[in-house]
file protein-v4.cif (mmCIF, C-alpha atoms)
data_start
#
loop_
_atom_site.label_atom_id
_atom_site.label_comp_id
_atom_site.auth_asym_id
_atom_site.auth_seq_id
_atom_site.Cartn_x
_atom_site.Cartn_y
_atom_site.Cartn_z
CA MET R 26 -14.10 -15.48 2.78
CA ASP R 27 -16.85 -13.30 1.39
CA PRO R 28 -15.62 -9.85 0.20
CA ALA R 29 -19.01 -8.42 1.17
CA ASN R 30 -18.64 -9.69 4.75
CA PRO R 31 -15.45 -8.62 6.58
CA ALA R 32 -16.32 -10.93 9.50
CA SER R 33 -16.12 -13.99 7.24
CA PHE R 34 -12.31 -13.85 7.19
CA ASN R 35 -10.00 -15.32 9.87
CA HIS R 36 -9.02 -12.37 12.07
CA ARG R 37 -6.19 -12.35 14.60
CA THR R 38 -4.68 -9.70 16.88
CA GLU R 39 -1.22 -10.34 18.31
CA LEU R 40 1.52 -8.47 20.17
CA LEU R 41 4.69 -8.42 18.07
CA SER R 42 8.24 -8.55 19.39
CA THR R 43 8.57 -4.88 18.37
CA GLY R 44 6.07 -4.01 21.11
CA ARG R 45 3.27 -3.08 18.72
CA ARG R 46 -0.05 -4.91 18.58
CA TYR R 47 -1.23 -5.78 15.07
CA HIS R 48 -4.56 -6.93 13.76
CA PHE R 49 -4.33 -9.14 10.67
CA VAL R 50 -6.20 -11.66 8.58
CA ASP R 51 -4.51 -15.06 8.36
CA GLN R 52 -5.99 -17.50 5.86
CA LEU R 53 -4.61 -21.02 5.45
CA PRO R 54 -5.23 -23.17 2.37
CA ALA R 55 -6.96 -26.54 2.76
CA ASN R 56 -3.70 -28.38 2.04
CA TYR R 57 -1.57 -26.21 4.33
CA ASP R 58 1.86 -27.60 5.11
CA ALA R 59 4.14 -25.43 7.23
CA ALA R 60 7.19 -26.81 5.45
CA THR R 61 6.07 -26.30 1.85
CA THR R 62 3.20 -23.80 1.65
CA LYS R 63 4.26 -20.39 0.38
CA THR R 64 2.86 -17.32 2.10
CA ILE R 65 1.78 -14.04 0.52
CA VAL R 66 2.00 -11.04 2.85
CA CYS R 67 -0.15 -8.15 1.58
CA ILE R 68 0.64 -4.58 2.67
CA HIS R 69 -2.05 -1.95 2.09
CA GLY R 70 -1.67 1.79 1.57
CA PHE R 71 -3.61 4.99 2.34
CA PRO R 72 -6.46 5.27 3.13
CA ASP R 73 -6.97 1.56 3.17
CA LEU R 74 -7.13 -1.48 5.44
CA TRP R 75 -6.58 -5.23 5.25
CA TYR R 76 -9.96 -5.04 3.48
CA GLY R 77 -8.32 -3.56 0.38
CA TRP R 78 -7.24 -7.12 -0.53
CA ARG R 79 -10.70 -8.65 -0.01
CA TYR R 80 -11.06 -9.76 -3.64
CA GLN R 81 -7.65 -11.44 -3.81
CA ILE R 82 -7.49 -13.35 -0.51
CA LYS R 83 -9.85 -16.24 -1.28
CA PRO R 84 -8.63 -16.92 -4.87
CA TRP R 85 -5.00 -16.98 -3.74
CA VAL R 86 -5.81 -19.26 -0.80
CA GLU R 87 -7.64 -21.59 -3.18
CA LEU R 88 -4.47 -21.76 -5.27
CA GLY R 89 -2.64 -23.11 -2.21
CA TYR R 90 -1.06 -19.98 -0.75
CA ARG R 91 -1.30 -18.87 2.84
CA VAL R 92 -2.38 -15.22 2.76
CA VAL R 93 -1.54 -12.83 5.61
CA VAL R 94 -3.00 -9.33 5.47
CA PRO R 95 -2.35 -6.90 8.32
CA ASP R 96 -3.96 -3.62 9.17
CA MET R 97 -0.78 -1.57 9.01
CA LEU R 98 0.35 0.59 11.92
CA GLY R 99 -2.16 3.37 12.51
CA TYR R 100 -5.06 1.57 10.83
CA GLY R 101 -8.10 -0.48 11.85
CA GLY R 102 -7.42 -2.80 14.77
CA THR R 103 -3.66 -2.17 14.87
CA ASP R 104 -1.92 0.18 17.31
CA LYS R 105 -2.06 3.90 16.46
CA PRO R 106 0.92 5.81 17.89
CA GLU R 107 0.56 9.59 17.93
CA ASP R 108 4.17 10.34 17.00
CA ALA R 109 4.95 10.40 13.27
CA ALA R 110 8.46 9.10 14.03
CA GLU R 111 6.90 5.70 14.77
CA TYR R 112 5.82 5.28 11.12
CA THR R 113 9.20 5.20 9.40
CA PRO R 114 10.00 2.47 6.86
CA ARG R 115 12.61 0.87 9.07
CA LYS R 116 10.18 0.53 11.98
CA ILE R 117 7.40 -0.71 9.72
CA SER R 118 9.82 -3.17 8.08
CA ASN R 119 10.78 -4.44 11.52
CA ASP R 120 7.08 -4.92 12.27
CA ILE R 121 6.63 -6.97 9.08
CA ALA R 122 9.64 -9.10 10.01
CA ALA R 123 8.27 -9.51 13.55
CA LEU R 124 4.87 -10.57 12.17
CA MET R 125 6.62 -13.17 10.01
CA ASP R 126 8.57 -14.35 13.07
CA LEU R 127 5.32 -14.70 15.01
CA LEU R 128 3.93 -16.86 12.23
CA HIS R 129 7.19 -18.86 11.92
CA LEU R 130 7.78 -17.64 8.37
CA GLN R 131 11.42 -17.41 7.39
CA LYS R 132 10.53 -16.05 3.93
CA ALA R 133 7.42 -14.81 2.17
CA ILE R 134 6.13 -13.29 -1.04
CA VAL R 135 5.57 -9.63 -0.19
CA ILE R 136 3.13 -7.47 -2.13
CA GLY R 137 2.31 -3.84 -1.42
CA HIS R 138 0.05 -1.11 -2.76
CA ASP R 139 0.49 2.67 -2.46
CA TRP R 140 2.27 3.34 0.86
CA GLY R 141 2.30 -0.40 1.31
CA CYS R 142 4.22 -0.62 -1.96
CA PHE R 143 6.86 1.78 -0.65
CA MET R 144 7.06 -0.14 2.62
CA ALA R 145 7.33 -3.47 0.80
CA SER R 146 10.21 -2.15 -1.30
CA ARG R 147 11.92 -0.84 1.83
CA PHE R 148 11.38 -4.19 3.54
CA ALA R 149 13.41 -5.66 0.66
CA LEU R 150 16.25 -3.28 1.58
CA TRP R 151 16.16 -3.63 5.37
CA HIS R 152 15.40 -7.38 5.46
CA PRO R 153 16.58 -8.65 2.07
CA ASP R 154 16.77 -12.32 3.05
CA ARG R 155 13.12 -12.53 4.13
CA LEU R 156 11.57 -12.31 0.64
CA LEU R 157 10.81 -14.96 -1.97
CA SER R 158 9.39 -12.38 -4.41
CA LEU R 159 8.48 -8.69 -4.35
CA ILE R 160 5.35 -7.31 -6.03
CA LEU R 161 4.79 -3.56 -6.20
CA LEU R 162 1.46 -1.95 -7.08
CA SER R 163 1.12 1.69 -8.18
CA VAL R 164 4.43 3.09 -6.92
CA PRO R 165 7.71 2.78 -8.86
CA PHE R 166 10.83 2.03 -6.82
CA VAL R 167 12.48 5.02 -5.17
CA PRO R 168 16.10 4.41 -4.09
CA PRO R 169 17.38 5.78 -0.77
CA ALA R 170 18.26 9.45 -1.16
CA LYS R 171 21.83 10.67 -0.76
CA THR R 172 20.70 14.21 0.10
CA TYR R 173 17.60 15.47 1.85
CA THR R 174 14.88 16.99 -0.33
CA PRO R 175 12.02 18.71 1.55
CA LEU R 176 8.52 17.71 0.51
CA GLU R 177 7.92 21.19 -0.91
CA GLN R 178 10.74 20.67 -3.42
CA LEU R 179 9.53 17.17 -4.30
CA VAL R 180 6.12 18.64 -5.14
CA GLU R 181 7.78 21.15 -7.47
CA LYS R 182 9.24 18.20 -9.40
CA VAL R 183 6.08 16.09 -9.23
CA PRO R 184 3.09 18.49 -9.09
CA ASN R 185 0.57 15.65 -8.67
CA TRP R 186 2.03 15.05 -5.22
CA GLY R 187 0.72 18.43 -4.08
CA TYR R 188 -1.94 16.77 -1.92
CA GLN R 189 0.88 15.43 0.27
CA LEU R 190 1.58 18.97 1.50
CA PHE R 191 -1.97 19.09 2.86
CA PHE R 192 -1.59 15.67 4.49
CA ALA R 193 1.77 16.65 6.03
CA ASP R 194 0.07 19.51 7.90
CA LYS R 195 -1.29 18.10 11.18
CA SER R 196 -4.40 20.28 10.90
CA SER R 197 -5.50 18.13 7.95
CA SER R 198 -6.38 15.25 10.30
CA ALA R 199 -9.32 17.04 11.93
CA GLU R 200 -10.45 18.63 8.67
CA ILE R 201 -10.65 15.27 6.90
CA GLU R 202 -12.43 13.71 9.88
CA ARG R 203 -15.08 16.46 9.67
CA LYS R 204 -15.56 15.73 5.96
CA LEU R 205 -14.82 12.00 6.02
CA PRO R 206 -17.62 10.73 3.74
CA ARG R 207 -16.79 13.45 1.18
CA PHE R 208 -13.08 12.62 1.42
CA MET R 209 -13.78 8.92 0.83
CA GLN R 210 -16.03 9.76 -2.12
CA LEU R 211 -13.18 11.74 -3.65
CA ILE R 212 -10.55 9.06 -3.03
CA PHE R 213 -12.58 6.13 -4.37
CA ARG R 214 -14.44 7.97 -7.13
CA ASP R 215 -14.51 6.73 -10.72
CA LYS R 216 -12.91 9.67 -12.55
CA ARG R 217 -14.70 8.70 -15.76
CA LYS R 218 -18.00 9.65 -14.11
CA SER R 219 -16.95 12.60 -11.93
CA ASP R 220 -16.93 16.40 -12.10
CA VAL R 221 -14.20 17.65 -14.46
CA ARG R 222 -13.22 20.18 -11.78
CA LEU R 223 -11.79 17.27 -9.80
CA GLU R 224 -9.09 16.64 -12.42
CA ASN R 225 -6.44 18.61 -10.49
CA TRP R 226 -7.33 17.70 -6.91
CA THR R 227 -3.93 16.04 -6.41
CA ARG R 228 -2.10 19.33 -7.08
CA LYS R 229 -1.14 21.87 -4.44
CA GLY R 230 -4.23 23.36 -2.80
CA GLY R 231 -6.58 21.13 -4.77
CA LEU R 232 -7.62 18.72 -2.04
CA SER R 233 -8.45 21.39 0.55
CA THR R 234 -10.47 23.26 -2.10
CA VAL R 235 -12.56 20.16 -2.87
CA LEU R 236 -13.20 19.41 0.80
CA ARG R 237 -14.33 22.98 1.51
CA SER R 238 -16.34 23.61 -1.64
CA ASP R 239 -20.06 22.88 -1.84
CA ASP R 240 -20.08 23.73 -5.53
CA ILE R 241 -18.07 20.69 -6.56
CA LYS R 242 -20.42 17.74 -6.43
CA LEU R 243 -19.32 14.29 -5.28
CA GLU R 244 -21.95 11.62 -5.76
CA GLY R 245 -22.08 7.90 -5.27
CA THR R 246 -19.42 5.58 -3.86
CA GLY R 247 -17.17 5.19 -6.90
CA PHE R 248 -15.43 1.83 -7.11
CA LEU R 249 -16.99 0.70 -3.82
CA THR R 250 -20.41 -0.73 -3.15
CA GLN R 251 -22.45 1.20 -0.60
CA GLN R 252 -21.75 -1.54 1.95
CA GLU R 253 -17.99 -1.35 1.33
CA PHE R 254 -18.07 2.44 1.48
CA ASP R 255 -19.90 2.39 4.82
CA TYR R 256 -17.34 -0.08 6.20
CA TYR R 257 -14.44 2.19 5.25
CA VAL R 258 -16.10 5.25 6.76
CA SER R 259 -16.78 3.35 10.00
CA GLN R 260 -13.13 2.25 10.23
CA PHE R 261 -11.71 5.76 9.74
CA ASP R 262 -14.22 7.75 11.75
CA LYS R 263 -12.25 10.01 14.14
CA SER R 264 -9.01 8.13 13.39
CA MET R 265 -7.31 9.94 10.49
CA HIS R 266 -4.34 11.29 12.45
CA ALA R 267 -2.44 8.00 12.62
CA PRO R 268 -2.83 7.05 8.93
CA LEU R 269 -1.81 10.55 7.87
CA ASN R 270 1.37 10.25 9.94
CA TYR R 271 3.00 8.37 7.05
CA TYR R 272 3.01 11.65 5.13
CA ARG R 273 4.82 13.35 8.04
CA THR R 274 7.92 11.19 7.95
CA THR R 275 9.94 12.78 5.12
CA LEU R 276 12.87 13.89 7.28
CA HIS R 277 12.63 10.84 9.55
CA ARG R 278 12.89 8.57 6.51
CA PHE R 279 15.94 10.35 5.18
CA ASN R 280 17.75 10.29 8.53
CA GLU R 281 17.24 6.57 9.16
CA GLU R 282 18.28 5.65 5.62
CA ARG R 283 21.34 7.88 5.77
CA ASP R 284 22.44 6.27 9.03
CA GLY R 285 21.28 2.70 8.52
CA PRO R 286 22.76 -0.42 6.92
CA LEU R 287 20.22 -0.93 4.15
CA LEU R 288 20.74 -2.06 0.58
CA PRO R 289 20.56 0.53 -2.24
CA ALA R 290 18.15 -1.72 -4.17
CA PRO R 291 16.49 -5.15 -3.84
CA ARG R 292 18.94 -8.01 -4.19
CA SER R 293 19.69 -8.97 -7.80
CA ASP R 294 18.25 -12.50 -7.60
CA LEU R 295 14.88 -11.38 -6.20
CA PRO R 296 11.96 -11.68 -8.65
CA VAL R 297 10.21 -8.29 -8.82
CA LEU R 298 6.94 -7.31 -10.49
CA LEU R 299 5.75 -3.70 -10.74
CA ILE R 300 2.21 -2.87 -11.89
CA VAL R 301 1.19 0.74 -12.47
CA GLY R 302 -2.17 2.07 -13.65
CA LYS R 303 -1.63 4.27 -16.67
CA SER R 304 -4.41 6.63 -15.50
CA ASP R 305 -3.18 6.91 -11.90
CA PRO R 306 -2.52 10.63 -11.21
CA THR R 307 -0.58 9.91 -8.02
CA SER R 308 1.89 7.54 -9.67
CA ASN R 309 5.16 9.11 -10.77
CA GLN R 310 5.50 7.20 -14.03
CA ALA R 311 8.79 8.98 -14.72
CA GLY R 312 10.06 6.70 -11.96
CA LEU R 313 9.71 3.64 -14.19
CA GLU R 314 13.14 4.26 -15.71
CA VAL R 315 14.61 4.67 -12.23
CA THR R 316 13.06 1.34 -11.29
CA ARG R 317 14.59 -0.35 -14.33
CA ARG R 318 18.00 1.12 -13.55
CA PHE R 319 18.06 0.01 -9.92
CA ILE R 320 16.18 -3.28 -10.41
CA PRO R 321 17.31 -4.66 -13.80
CA GLN R 322 15.37 -7.89 -13.33
CA VAL R 323 12.02 -6.11 -12.77
CA HIS R 324 9.02 -7.01 -14.89
CA ILE R 325 6.84 -3.91 -15.41
CA GLU R 326 3.16 -3.91 -16.36
CA LEU R 327 1.72 -0.50 -17.31
CA ARG R 328 -2.00 -1.17 -17.16
CA GLU R 329 -4.08 0.69 -19.74
CA GLY R 330 -7.29 2.23 -18.37
CA ALA R 331 -6.36 1.55 -14.75
CA GLY R 332 -6.20 4.17 -12.02
CA HIS R 333 -4.91 3.93 -8.47
CA TRP R 334 -7.13 1.26 -6.89
CA LEU R 335 -5.84 -1.67 -8.88
CA MET R 336 -7.09 -4.39 -6.51
CA VAL R 337 -10.67 -3.15 -6.94
CA GLU R 338 -10.79 -1.45 -10.36
CA HIS R 339 -9.02 -4.37 -12.04
CA LYS R 340 -9.55 -7.05 -9.42
CA GLU R 341 -9.64 -10.00 -11.81
CA TYR R 342 -6.43 -8.86 -13.49
CA ILE R 343 -4.53 -8.46 -10.20
CA THR R 344 -5.94 -11.71 -8.85
CA GLU R 345 -4.67 -13.57 -11.91
CA ILE R 346 -1.37 -11.85 -12.79
CA VAL R 347 0.21 -12.25 -9.35
CA PRO R 348 0.08 -16.09 -9.27
CA GLN R 349 1.02 -16.13 -12.97
CA PHE R 350 4.15 -14.15 -12.15
CA LEU R 351 4.93 -16.38 -9.18
CA ARG R 352 4.55 -19.52 -11.29
CA SER R 353 6.78 -18.09 -14.02
CA THR R 354 9.55 -17.21 -11.57
CA SER R 355 9.30 -20.65 -9.94
CA THR R 356 9.68 -22.25 -13.37
CA LYS R 357 12.74 -20.11 -14.13
CA ASP R 358 14.26 -21.02 -10.75
CA ALA R 359 13.71 -24.71 -11.48
CA GLN R 360 15.29 -24.42 -14.93
CA THR R 361 18.25 -22.53 -13.49
CA LYS R 362 18.88 -25.33 -11.00
CA LEU R 363 18.78 -28.07 -13.66
#

call {"tool": "encode", "arguments": {"input": "protein-v4.cif", "output": "C-alpha cells"}}
result
Amino acid sequence: MDPANPASFNHRTELLSTGRRYHFVDQLPANYDAATTKTIVCIHGFPDLWYGWRYQIKPWVELGYRVVVPDMLGYGGTDKPEDAAEYTPRKISNDIAALMDLLHLQKAIVIGHDWGCFMASRFALWHPDRLLSLILLSVPFVPPAKTYTPLEQLVEKVPNWGYQLFFADKSSSAEIERKLPRFMQLIFRDKRKSDVRLENWTRKGGLSTVLRSDDIKLEGTGFLTQQEFDYYVSQFDKSMHAPLNYYRTTLHRFNEERDGPLLPAPRSDLPVLLIVGKSDPTSNQAGLEVTRRFIPQVHIELREGAGHWLMVEHKEYITEIVPQFLRSTSTKDAQTKL
C-alpha cells in the first residue's frame, strides 16, 4: 500500500445489485475477522478518485480497520452513465448500500469529502441503519430543501459557488478536457504560492476566465507530486463529462428528496464528525450553524490553515483524528451501556 504506487493496493471491480459496475480498493487488516472488524467506507469528491485517500488507507488498515474505497460513479474504473439523472444522491446512496451488501457489511463507518461528503450525509438519510459513524470533510450538512432553489439563486447567496454555474453547463466538459492539465493545476494549487489573480476563481465567470487566459500563470503541481499529478491527468483525460454530471443534478436532487422517504437529518444516536478547512473557499462555513441545529451531537473541527484538500494538505492530521474520534465514540458507547 504505497501512496506513490496505485497498483500496490488491492483493486476489485464488481457488478452491484443496482446494475452499475464499480471499481474499488478493498484492504483487509492482518487480523481481519468478518464478525468483529469494523469497516471504513471512503467516498471521494470532485475531481478525485479512490486515490484521494491514498495516505489514509494503510495507516487505518494497520489500526485494524477494513478500508473500502470506491471510484464513485462516473470516475476511474467505475461505470460512467451519460445522463445526469443517474448521479442523484438517492441512486448513489443505493450504490453504496449495494457495495456494502456485496461485501456482506451490515454497517460501516462512512467518511466523505467534497461531493463525497454530501453523498455520505445523504446516505445517512436514505439508509440510516447502515452507519456506525459518519465523518464529513469540507462540506457542512445541508438538510433536504422544502422548496426548489435554482443554482443561480444559490450562487447569489454563496458567491464562492459561482464555479458551479460553469460546471452545470454541459459545454464545460469539453472545455476542461482541452485544458485538463491547467485545470488540475488550478484545482490542486497551493494558494499560498499562486498568482493573486486566482483569488476569485470560484466566483461567477472566474473559472472560465482562468482556463482561457494565458496571462494568468499556473506553475507546478501544487499539493501533488509530479507522479501523482500525472496519474490524475491520465485518469481524467477525455472523461470529464461524467464527473461533472454531479453539478447537473440540482433539480433531480430536489425532486427525489421531495418525493422520497428520507430522514430530515442523521439519526440522533449516530456519532458525527465534521472537519472544515478554514481557508477553503468552496466551503460554506455559514452552514456550520445549520449543521449544529440539525445534528446536535456533531463534533466540529475548523482546521486553521487548511484548504479544501484535507486528506493531502493535512494528511497526518486526518489520518490521526479519524481513528481518535472513532475510539472516543466507542468509549462513550461502552460507558453508556455500563

call {"tool": "closest_atom_pairs", "arguments": {"input": "protein-v4.cif", "of": "segment 90-160 of chain R", "to": "segment 264-288 of chain R", "cutoff": "12 Å", "atoms": "all atoms listed in the file", "output": "Markdown table"}}
result
| residue | atom | partner | partner_atom | distance |
| --- | --- | --- | --- | --- |
| R:Asp96 | CA | R:Pro268 | CA | 10.7 |
| R:Met97 | CA | R:Pro268 | CA | 8.9 |
| R:Leu98 | CA | R:Pro268 | CA | 7.8 |
| R:Gly99 | CA | R:Ala267 | CA | 4.6 |
| R:Tyr100 | CA | R:Pro268 | CA | 6.2 |
| R:Gly101 | CA | R:Ser264 | CA | 8.8 |
| R:Gly102 | CA | R:Ser264 | CA | 11.1 |
| R:Thr103 | CA | R:Ala267 | CA | 10.5 |
| R:Asp104 | CA | R:Ala267 | CA | 9.1 |
| R:Lys105 | CA | R:Ala267 | CA | 5.6 |
| R:Pro106 | CA | R:Ala267 | CA | 6.6 |
| R:Glu107 | CA | R:Ala267 | CA | 6.3 |
| R:Asp108 | CA | R:Asn270 | CA | 7.6 |
| R:Ala109 | CA | R:Asn270 | CA | 4.9 |
| R:Ala110 | CA | R:His277 | CA | 6.4 |
| R:Glu111 | CA | R:Asn270 | CA | 8.6 |
| R:Tyr112 | CA | R:Tyr271 | CA | 5.8 |
| R:Thr113 | CA | R:Arg278 | CA | 5.8 |
| R:Pro114 | CA | R:Arg278 | CA | 6.8 |
| R:Arg115 | CA | R:Glu281 | CA | 7.3 |
| R:Lys116 | CA | R:Glu281 | CA | 9.7 |
| R:Ile117 | CA | R:Tyr271 | CA | 10.4 |
| R:Ser118 | CA | R:Leu287 | CA | 11.3 |
| R:Asp139 | CA | R:Tyr271 | CA | 11.4 |
| R:Trp140 | CA | R:Tyr271 | CA | 8.0 |
| R:Gly141 | CA | R:Tyr271 | CA | 10.5 |
| R:Phe143 | CA | R:Tyr271 | CA | 10.8 |
| R:Met144 | CA | R:Tyr271 | CA | 10.4 |
| R:Ser146 | CA | R:Leu288 | CA | 10.7 |
| R:Arg147 | CA | R:Leu287 | CA | 8.6 |
| R:Phe148 | CA | R:Leu287 | CA | 9.4 |
| R:Ala149 | CA | R:Leu288 | CA | 8.2 |
| R:Leu150 | CA | R:Leu288 | CA | 4.8 |
| R:Trp151 | CA | R:Leu287 | CA | 5.0 |
| R:His152 | CA | R:Leu287 | CA | 8.2 |
| R:Pro153 | CA | R:Leu288 | CA | 7.9 |
| R:Asp154 | CA | R:Leu288 | CA | 11.3 |

call {"tool": "closest_residue", "arguments": {"input": "protein-v4.cif", "among": "R:Pro165, R:Gly330, R:Glu224, R:Gly247", "to": "Ser308 of chain R", "atoms": "all atoms listed in the file"}}
result
R:Pro165

call {"tool": "resolve_selection", "arguments": {"input": "protein-v4.cif", "expression": "the PyMOL selection byres ((chain R and resi 60) around 12)", "output": "mmCIF file with C-alpha atoms, keeping the file's coordinate frame"}}
result
data_model
loop_
_atom_site.group_PDB
_atom_site.id
_atom_site.type_symbol
_atom_site.label_atom_id
_atom_site.label_comp_id
_atom_site.auth_asym_id
_atom_site.auth_seq_id
_atom_site.Cartn_x
_atom_site.Cartn_y
_atom_site.Cartn_z
ATOM 1 C CA ASN R 56 -3.700 -28.380 2.040
ATOM 2 C CA TYR R 57 -1.570 -26.210 4.330
ATOM 3 C CA ASP R 58 1.860 -27.600 5.110
ATOM 4 C CA ALA R 59 4.140 -25.430 7.230
ATOM 5 C CA THR R 61 6.070 -26.300 1.850
ATOM 6 C CA THR R 62 3.200 -23.800 1.650
ATOM 7 C CA LYS R 63 4.260 -20.390 0.380
ATOM 8 C CA THR R 64 2.860 -17.320 2.100
ATOM 9 C CA ARG R 91 -1.300 -18.870 2.840
ATOM 10 C CA HIS R 129 7.190 -18.860 11.920
ATOM 11 C CA LEU R 130 7.780 -17.640 8.370
ATOM 12 C CA GLN R 131 11.420 -17.410 7.390
ATOM 13 C CA LYS R 132 10.530 -16.050 3.930
#

call {"tool": "resolve_selection", "arguments": {"input": "protein-v4.cif", "expression": "the PyMOL selection byres ((chain R and resi 186-199) around 7)", "output": "PDB file with C-alpha atoms, in the coordinates of the input"}}
result
ATOM      1  CA  VAL R 180       6.120  18.640  -5.140  1.00  0.00           C
ATOM      2  CA  VAL R 183       6.080  16.090  -9.230  1.00  0.00           C
ATOM      3  CA  PRO R 184       3.090  18.490  -9.090  1.00  0.00           C
ATOM      4  CA  ASN R 185       0.570  15.650  -8.670  1.00  0.00           C
ATOM      5  CA  GLU R 200     -10.450  18.630   8.670  1.00  0.00           C
ATOM      6  CA  ILE R 201     -10.650  15.270   6.900  1.00  0.00           C
ATOM      7  CA  GLU R 202     -12.430  13.710   9.880  1.00  0.00           C
ATOM      8  CA  ARG R 203     -15.080  16.460   9.670  1.00  0.00           C
ATOM      9  CA  THR R 227      -3.930  16.040  -6.410  1.00  0.00           C
ATOM     10  CA  ARG R 228      -2.100  19.330  -7.080  1.00  0.00           C
ATOM     11  CA  LYS R 229      -1.140  21.870  -4.440  1.00  0.00           C
ATOM     12  CA  GLY R 231      -6.580  21.130  -4.770  1.00  0.00           C
ATOM     13  CA  LEU R 232      -7.620  18.720  -2.040  1.00  0.00           C
ATOM     14  CA  MET R 265      -7.310   9.940  10.490  1.00  0.00           C
ATOM     15  CA  HIS R 266      -4.340  11.290  12.450  1.00  0.00           C
ATOM     16  CA  LEU R 269      -1.810  10.550   7.870  1.00  0.00           C
ATOM     17  CA  TYR R 272       3.010  11.650   5.130  1.00  0.00           C
ATOM     18  CA  ARG R 273       4.820  13.350   8.040  1.00  0.00           C
ATOM     19  CA  THR R 307      -0.580   9.910  -8.020  1.00  0.00           C
TER      20      THR R 307
END

call {"tool": "atom_distance", "arguments": {"input": "protein-v4.cif", "atom1": "atom CA of Thr246 of chain R", "atom2": "atom CA of Arg214 of chain R"}}
result
6.4 Å

call {"tool": "resolve_selection", "arguments": {"input": "protein-v4.cif", "expression": "the PyMOL selection byres ((chain R and resi 90) around 12)", "output": "PDB file with C-alpha atoms, keeping the file's coordinate frame"}}
result
ATOM      1  CA  ASP R  51      -4.510 -15.060   8.360  1.00  0.00           C
ATOM      2  CA  GLN R  52      -5.990 -17.500   5.860  1.00  0.00           C
ATOM      3  CA  LEU R  53      -4.610 -21.020   5.450  1.00  0.00           C
ATOM      4  CA  PRO R  54      -5.230 -23.170   2.370  1.00  0.00           C
ATOM      5  CA  ALA R  55      -6.960 -26.540   2.760  1.00  0.00           C
ATOM      6  CA  ASN R  56      -3.700 -28.380   2.040  1.00  0.00           C
ATOM      7  CA  TYR R  57      -1.570 -26.210   4.330  1.00  0.00           C
ATOM      8  CA  ASP R  58       1.860 -27.600   5.110  1.00  0.00           C
ATOM      9  CA  ALA R  59       4.140 -25.430   7.230  1.00  0.00           C
ATOM     10  CA  THR R  61       6.070 -26.300   1.850  1.00  0.00           C
ATOM     11  CA  THR R  62       3.200 -23.800   1.650  1.00  0.00           C
ATOM     12  CA  LYS R  63       4.260 -20.390   0.380  1.00  0.00           C
ATOM     13  CA  THR R  64       2.860 -17.320   2.100  1.00  0.00           C
ATOM     14  CA  ILE R  65       1.780 -14.040   0.520  1.00  0.00           C
ATOM     15  CA  VAL R  66       2.000 -11.040   2.850  1.00  0.00           C
ATOM     16  CA  GLN R  81      -7.650 -11.440  -3.810  1.00  0.00           C
ATOM     17  CA  ILE R  82      -7.490 -13.350  -0.510  1.00  0.00           C
ATOM     18  CA  LYS R  83      -9.850 -16.240  -1.280  1.00  0.00           C
ATOM     19  CA  PRO R  84      -8.630 -16.920  -4.870  1.00  0.00           C
ATOM     20  CA  TRP R  85      -5.000 -16.980  -3.740  1.00  0.00           C
ATOM     21  CA  VAL R  86      -5.810 -19.260  -0.800  1.00  0.00           C
ATOM     22  CA  GLU R  87      -7.640 -21.590  -3.180  1.00  0.00           C
ATOM     23  CA  LEU R  88      -4.470 -21.760  -5.270  1.00  0.00           C
ATOM     24  CA  GLY R  89      -2.640 -23.110  -2.210  1.00  0.00           C
ATOM     25  CA  ARG R  91      -1.300 -18.870   2.840  1.00  0.00           C
ATOM     26  CA  VAL R  92      -2.380 -15.220   2.760  1.00  0.00           C
ATOM     27  CA  VAL R  93      -1.540 -12.830   5.610  1.00  0.00           C
ATOM     28  CA  ALA R 133       7.420 -14.810   2.170  1.00  0.00           C
ATOM     29  CA  ILE R 134       6.130 -13.290  -1.040  1.00  0.00           C
ATOM     30  CA  VAL R 347       0.210 -12.250  -9.350  1.00  0.00           C
ATOM     31  CA  PRO R 348       0.080 -16.090  -9.270  1.00  0.00           C
ATOM     32  CA  LEU R 351       4.930 -16.380  -9.180  1.00  0.00           C
ATOM     33  CA  ARG R 352       4.550 -19.520 -11.290  1.00  0.00           C
TER      34      ARG R 352
END

call {"tool": "residues_around", "arguments": {"input": "protein-v4.cif", "residues": "Trp334 of chain R", "least_positions_apart": "4", "cutoff": "12 Å", "atoms": "all atoms listed in the file", "output": "PyMOL selection string"}}
result
chain R and resi 69-73+77-78+138-139+162-164+212-216+247-249+300-308+328+330+338-340+343

call {"tool": "atom_distance", "arguments": {"input": "protein-v4.cif", "atom1": "atom CA of Leu243 of chain R", "atom2": "atom CA of Tyr342 of chain R"}}
result
27.7 Å

call {"tool": "closest_residue", "arguments": {"input": "protein-v4.cif", "among": "R:Ser355, R:Asp120, R:Asn30, R:Asn35", "to": "Tyr47 of chain R", "atoms": "all atoms listed in the file"}}
result
R:Asp120

call {"tool": "closest_residue", "arguments": {"input": "protein-v4.cif", "among": "R:Ala170, R:Val135, R:Leu211, R:Ala29", "to": "Arg79 of chain R", "atoms": "only C-alpha atoms"}}
result
R:Ala29

call {"tool": "atom_distance", "arguments": {"input": "protein-v4.cif", "atom1": "atom CA of Ile136 of chain R", "atom2": "atom CA of His48 of chain R"}}
result
17.7 Å

call {"tool": "axis_aligned_box", "arguments": {"input": "protein-v4.cif", "around": "segment 152-161 of chain R", "padding_each_side": "4 Å", "output": "AutoDock Vina command-line options"}}
result
--center_x 10.8 --center_y -9.3 --center_z -0.4 --size_x 20.0 --size_y 19.4 --size_z 19.7

call {"tool": "closest_residue", "arguments": {"input": "protein-v4.cif", "among": "R:Leu40, R:Leu156, R:Val167, R:Ile121", "to": "Gln310 of chain R", "atoms": "all atoms listed in the file"}}
result
R:Val167

call {"tool": "residues_near_point", "arguments": {"input": "protein-v4.cif", "point": "(7.3, -2.7, -13.7)", "cutoff": "12 Å", "atoms": "all atoms listed in the file", "output": "MDAnalysis selection string"}}
result
chainID R and resid 159:166 296:303 310:328 350
